[in-house]
Amino acid sequence: MKKRNNILLLLAALFFFIVSFSLAHALNETHLDRSKLPLGCVSCHKNHGTSSTVMLERPKNQLCFKCHGNVKTGAPGEASTDIYSVLLKQSNHPIIQTTQYHYRGESLPERSTTTTRHAACFDCHNPHLLTSSNPLNGAKGYSGRGLQINKAQYEYQVCYKCHSDSANLPSSASDIASKFEAGNAAFHPVETVGKNNNVPSLVASLSTVSIITCSDCHNNDDISGAKGPHGSNYDYILSENYTMDTGAESPYAYELCYKCHRRSSLLNDDSFQAHKKHIVYENASCFACHDAHGTLNYANLINFDTTIVTPNSLGELNYLKVVAGKPRCFLTCHISSQTYEHKITGGLYCINSNCPPGW
């Protein structure tokens, strides 16, 4: 009996050690780490607290900036990550302006067209469970297809809470989750690996079985600043420049694309035998032909910019992959000062008075 009791005590001690070690490790990675917040819980909570909050010591649209602010902006910060300044950039999640519309226990996506759209730190972060290595740890998610997820496993599940099928999506926005459907003709590999096995332009760190995240493209443009899609000086909170209008090709013009696709390969026409002709000689943007998220009908992320691409004189507007590197397009394209017509009967025609020599 004594031997059995000793074994039970030993097992209990071992269990206590494991739990204590795990808890200590967990706390050292979160806001509950006393080396980060010496005052512990009262760093954020106090007595009855601020009205309409869970006993927060200041209004919820100010709380996080107590630490994640910047003295120069009037929001004194104590943490090493200055989020407040990033949120003041040209393109941003409107956290400073709209956090007041967030309420505890809300369910996202929104199901009412009359609900005010907002962005709050608490929509993406669980302040008690987040860690330095996983700032989204413990955050709720959404599948983009009707399924609420208590704890998001992937970054895109957090993004889908606001950027999928919300009833109050702005007219200029679309359901991003629908672009990444596995059944689509093409998509960037956010949820699963892509469908194209021939992508010779990929940089060495990527392959056709690689998975990327939303924040690989949507992030702070300052690589030395706070990470994450809080704000950027580029439109759509892009981490690098992406010119969507007609203009001269350069490493800067399509900096975002060249982050993953080697410029030398694209200009050498390794993947498409007319890339250089389109983007260098005719000044067409990548955006003129490609949807960076995904496409329902066409392979190779083809989704024509309808402000410059229209049906041809036969009423055709189509893209056929046919042979790798040699697709066939049937359309009319108004680019630069030229108008080109591709017909199913064959050939490419320049049909106005500003045609380049030889057309």
# chains A, B, ... in the order shown; residues from 1 in each chain; ligands from 1

$ residues_around --residues "A:Pro59" --least-positions-apart "6" --cutoff "8 Å" --atoms "only C-alpha atoms" --output "PyMOL selection string"
chain A and resi 50-51+53

$ residues_around --residues "stretch 237-247 of chain A" --least-positions-apart "3" --cutoff "6 Å" --atoms "only C-alpha atoms" --output "list in words"
Ser91, Cys217, His218, Asn219, Asn220, Asp221, Gly231, Ser232, Tyr234, Ala253, Tyr254, Glu255, Leu256, Asn283, Ala284, Ser285 and Phe287 of chain A

$ closest_atom_pairs --of "stretch 240-352 of chain A" --to "stretch 191-211 of chain A" --cutoff "7 Å" --atoms "only C-alpha atoms" --output "CSV"
residue,atom,partner,partner_atom,distance
A:Cys260,CA,A:Val203,CA,5.5
A:His261,CA,A:Leu202,CA,4.6
A:Arg262,CA,A:Ser201,CA,5.1
A:Ser265,CA,A:Ser201,CA,5.1
A:Leu266,CA,A:Ser201,CA,6.3
A:Asp270,CA,A:Pro200,CA,6.5
A:Ser271,CA,A:Pro200,CA,6.2

$ residues_around --residues "stretch 181-183 of chain A" --least-positions-apart "4" --cutoff "12 Å" --atoms "only C-alpha atoms" --output "list in words"
Ser143, Gly144, Arg145, Ser164, Asp175, Ile176, Ala177, Phe187, His188, Pro189, Val190, Glu191, Thr192, Val193, Gly194, Lys195, His293, Gly294, Thr295, Leu296, Asn297, Tyr298 and Ala299 of chain A

$ write_last_selection --atoms "N, CA and C atoms" --output "compact mmCIF listing (two decimals), in the first residue's frame"
# COMPACT_ATOMS: atom_id res chain seq x y z
N SER A 143 -15.17 30.02 -41.72
CA SER A 143 -14.75 29.22 -42.86
C SER A 143 -14.98 29.92 -44.20
N GLY A 144 -15.83 30.95 -44.19
CA GLY A 144 -16.20 31.59 -45.44
C GLY A 144 -17.35 30.86 -46.12
N ARG A 145 -17.83 29.80 -45.50
CA ARG A 145 -18.90 28.98 -46.07
C ARG A 145 -19.92 28.59 -45.01
N SER A 164 -15.60 38.05 -46.21
CA SER A 164 -16.23 37.00 -47.02
C SER A 164 -17.67 37.40 -47.33
N ASP A 175 -16.72 39.01 -52.03
CA ASP A 175 -16.52 37.89 -51.12
C ASP A 175 -15.18 37.24 -51.44
N ILE A 176 -14.16 37.55 -50.63
CA ILE A 176 -12.82 37.05 -50.90
C ILE A 176 -12.75 35.53 -50.79
N ALA A 177 -13.50 34.96 -49.84
CA ALA A 177 -13.47 33.51 -49.65
C ALA A 177 -13.87 32.78 -50.93
N PHE A 187 -6.44 29.95 -58.37
CA PHE A 187 -6.40 30.74 -57.13
C PHE A 187 -4.98 30.74 -56.59
N HIS A 188 -4.63 31.80 -55.88
CA HIS A 188 -3.37 31.78 -55.16
C HIS A 188 -3.53 30.82 -53.99
N PRO A 189 -2.49 30.07 -53.64
CA PRO A 189 -2.61 28.97 -52.66
C PRO A 189 -2.70 29.43 -51.21
N VAL A 190 -3.85 29.97 -50.84
CA VAL A 190 -4.06 30.42 -49.47
C VAL A 190 -4.69 29.32 -48.62
N GLU A 191 -5.73 28.69 -49.14
CA GLU A 191 -6.39 27.61 -48.41
C GLU A 191 -5.77 26.25 -48.72
N THR A 192 -5.37 26.07 -49.96
CA THR A 192 -4.78 24.80 -50.38
C THR A 192 -3.81 25.08 -51.52
N VAL A 193 -3.05 24.08 -51.93
CA VAL A 193 -2.05 24.28 -52.99
C VAL A 193 -2.76 24.63 -54.29
N GLY A 194 -2.07 25.38 -55.12
CA GLY A 194 -2.65 25.82 -56.38
C GLY A 194 -2.78 24.70 -57.40
N LYS A 195 -3.43 25.01 -58.53
CA LYS A 195 -3.69 24.01 -59.57
C LYS A 195 -2.65 24.00 -60.68
N HIS A 293 -6.37 37.22 -56.40
CA HIS A 293 -6.94 36.29 -55.43
C HIS A 293 -7.29 34.96 -56.09
N GLY A 294 -8.17 34.98 -57.05
CA GLY A 294 -8.57 33.75 -57.72
C GLY A 294 -9.61 34.02 -58.78
N THR A 295 -9.81 33.05 -59.67
CA THR A 295 -10.76 33.22 -60.76
C THR A 295 -11.65 31.99 -60.88
N LEU A 296 -12.91 32.24 -61.16
CA LEU A 296 -13.89 31.16 -61.24
C LEU A 296 -13.79 30.39 -62.54
N ASN A 297 -13.59 31.09 -63.67
CA ASN A 297 -13.71 30.45 -64.98
C ASN A 297 -12.39 30.21 -65.72
N TYR A 298 -11.41 31.08 -65.54
CA TYR A 298 -10.20 30.99 -66.35
C TYR A 298 -8.99 30.53 -65.55
N ALA A 299 -8.15 29.73 -66.19
CA ALA A 299 -6.89 29.29 -65.57
C ALA A 299 -5.92 30.46 -65.48

$ closest_residue --among "A:Gly225, A:Gly325, A:Gly146, A:Pro94" --to "A:His118" --atoms "only C-alpha atoms"
A:Pro94

$ select_by_dssp --residues "stretch 27-250 of chain A" --states "helix (DSSP H, G or I)" --output "PyMOL selection string"
chain A and resi 27-28+40-43+60-66+71-73+83-86+95-101+121-124+155-163+176-179+214-216+235-237

$ write_last_selection --atoms "C-alpha atoms" --output "PDB file, in the first residue's frame"
ATOM      1  CA  LEU A  27       1.967  32.948 -19.467  1.00  0.00           C
ATOM      2  CA  ASN A  28       5.455  34.005 -20.517  1.00  0.00           C
ATOM      3  CA  GLY A  40      -0.761  41.981 -14.248  1.00  0.00           C
ATOM      4  CA  CYS A  41      -4.508  42.115 -14.891  1.00  0.00           C
ATOM      5  CA  VAL A  42      -4.870  45.644 -13.543  1.00  0.00           C
ATOM      6  CA  SER A  43      -2.754  46.864 -16.448  1.00  0.00           C
ATOM      7  CA  LYS A  60     -11.801  50.126 -25.678  1.00  0.00           C
ATOM      8  CA  ASN A  61     -10.775  52.326 -28.616  1.00  0.00           C
ATOM      9  CA  GLN A  62      -7.860  53.583 -26.494  1.00  0.00           C
ATOM     10  CA  LEU A  63      -6.875  50.603 -24.371  1.00  0.00           C
ATOM     11  CA  CYS A  64      -4.432  48.808 -26.671  1.00  0.00           C
ATOM     12  CA  PHE A  65      -2.702  52.060 -27.588  1.00  0.00           C
ATOM     13  CA  LYS A  66      -1.756  52.546 -23.947  1.00  0.00           C
ATOM     14  CA  VAL A  71       4.621  59.407 -28.030  1.00  0.00           C
ATOM     15  CA  LYS A  72       4.834  61.443 -31.245  1.00  0.00           C
ATOM     16  CA  THR A  73       1.216  60.688 -32.138  1.00  0.00           C
ATOM     17  CA  ILE A  83       0.516  49.902 -33.881  1.00  0.00           C
ATOM     18  CA  TYR A  84      -1.078  53.326 -33.541  1.00  0.00           C
ATOM     19  CA  SER A  85       1.278  55.021 -36.020  1.00  0.00           C
ATOM     20  CA  VAL A  86       0.744  52.244 -38.579  1.00  0.00           C
ATOM     21  CA  ILE A  95      -9.563  50.643 -35.873  1.00  0.00           C
ATOM     22  CA  ILE A  96      -9.066  54.139 -34.466  1.00  0.00           C
ATOM     23  CA  GLN A  97     -12.284  55.350 -36.081  1.00  0.00           C
ATOM     24  CA  THR A  98     -14.646  52.392 -35.629  1.00  0.00           C
ATOM     25  CA  THR A  99     -13.681  50.319 -32.563  1.00  0.00           C
ATOM     26  CA  GLN A 100     -16.625  51.834 -30.669  1.00  0.00           C
ATOM     27  CA  TYR A 101     -18.986  49.775 -32.828  1.00  0.00           C
ATOM     28  CA  CYS A 121      -8.224  44.886 -32.212  1.00  0.00           C
ATOM     29  CA  PHE A 122     -10.512  42.326 -30.550  1.00  0.00           C
ATOM     30  CA  ASP A 123     -11.857  41.149 -33.923  1.00  0.00           C
ATOM     31  CA  CYS A 124      -8.476  39.634 -34.796  1.00  0.00           C
ATOM     32  CA  GLU A 155      -4.896  33.279 -40.678  1.00  0.00           C
ATOM     33  CA  TYR A 156      -7.412  33.407 -43.544  1.00  0.00           C
ATOM     34  CA  GLN A 157     -10.147  32.172 -41.187  1.00  0.00           C
ATOM     35  CA  VAL A 158      -9.725  35.364 -39.166  1.00  0.00           C
ATOM     36  CA  CYS A 159      -9.791  37.516 -42.323  1.00  0.00           C
ATOM     37  CA  TYR A 160     -12.938  35.832 -43.606  1.00  0.00           C
ATOM     38  CA  LYS A 161     -14.926  37.086 -40.614  1.00  0.00           C
ATOM     39  CA  CYS A 162     -15.113  40.479 -42.303  1.00  0.00           C
ATOM     40  CA  HIS A 163     -13.989  39.853 -45.885  1.00  0.00           C
ATOM     41  CA  ILE A 176     -12.817  37.048 -50.903  1.00  0.00           C
ATOM     42  CA  ALA A 177     -13.467  33.510 -49.653  1.00  0.00           C
ATOM     43  CA  SER A 178     -15.256  32.721 -52.915  1.00  0.00           C
ATOM     44  CA  LYS A 179     -12.059  33.566 -54.817  1.00  0.00           C
ATOM     45  CA  CYS A 214      -3.099  36.878 -46.592  1.00  0.00           C
ATOM     46  CA  SER A 215      -0.417  38.844 -44.749  1.00  0.00           C
ATOM     47  CA  ASP A 216       2.224  37.803 -47.281  1.00  0.00           C
ATOM     48  CA  ASP A 235      -3.523  50.911 -51.363  1.00  0.00           C
ATOM     49  CA  TYR A 236      -5.367  47.863 -50.042  1.00  0.00           C
ATOM     50  CA  ILE A 237      -2.839  47.586 -47.191  1.00  0.00           C
TER      51      ILE A 237
END

$ atom_distance --atom1 "atom CA of A:Arg111" --atom2 "atom CA of A:Leu169"
10.2 Å

$ select_by_dssp --residues "stretch 12-249 of chain A" --states "strand (DSSP E or B)" --output "JSON, numbers by chain"
{"A": [45, 56, 70, 75, 91, 92, 141, 142, 148, 149, 186, 187, 202, 218, 231, 232, 238]}

$ write_last_selection --atoms "C-alpha atoms" --output "short mmCIF file (atom, residue, chain, number, x, y, z; two decimals), in the first residue's frame"
data_model
loop_
_atom_site.label_atom_id
_atom_site.label_comp_id
_atom_site.auth_asym_id
_atom_site.auth_seq_id
_atom_site.Cartn_x
_atom_site.Cartn_y
_atom_site.Cartn_z
CA HIS A 45 -8.78 46.14 -15.88
CA LEU A 56 -11.42 48.04 -18.79
CA ASN A 70 3.71 56.27 -29.98
CA ALA A 75 -0.74 58.06 -27.76
CA SER A 91 -4.48 52.58 -46.25
CA ASN A 92 -5.55 50.98 -42.98
CA GLY A 141 -12.56 32.38 -37.16
CA TYR A 142 -14.93 31.73 -40.03
CA GLN A 148 -18.15 29.55 -37.30
CA ILE A 149 -14.80 28.46 -35.86
CA ALA A 186 -7.35 29.19 -60.46
CA PHE A 187 -6.40 30.74 -57.13
CA LEU A 202 8.63 31.32 -58.65
CA HIS A 218 -1.36 42.61 -47.05
CA GLY A 231 -1.87 49.80 -42.27
CA SER A 232 0.34 50.62 -45.24
CA LEU A 238 -0.33 45.99 -49.57
#
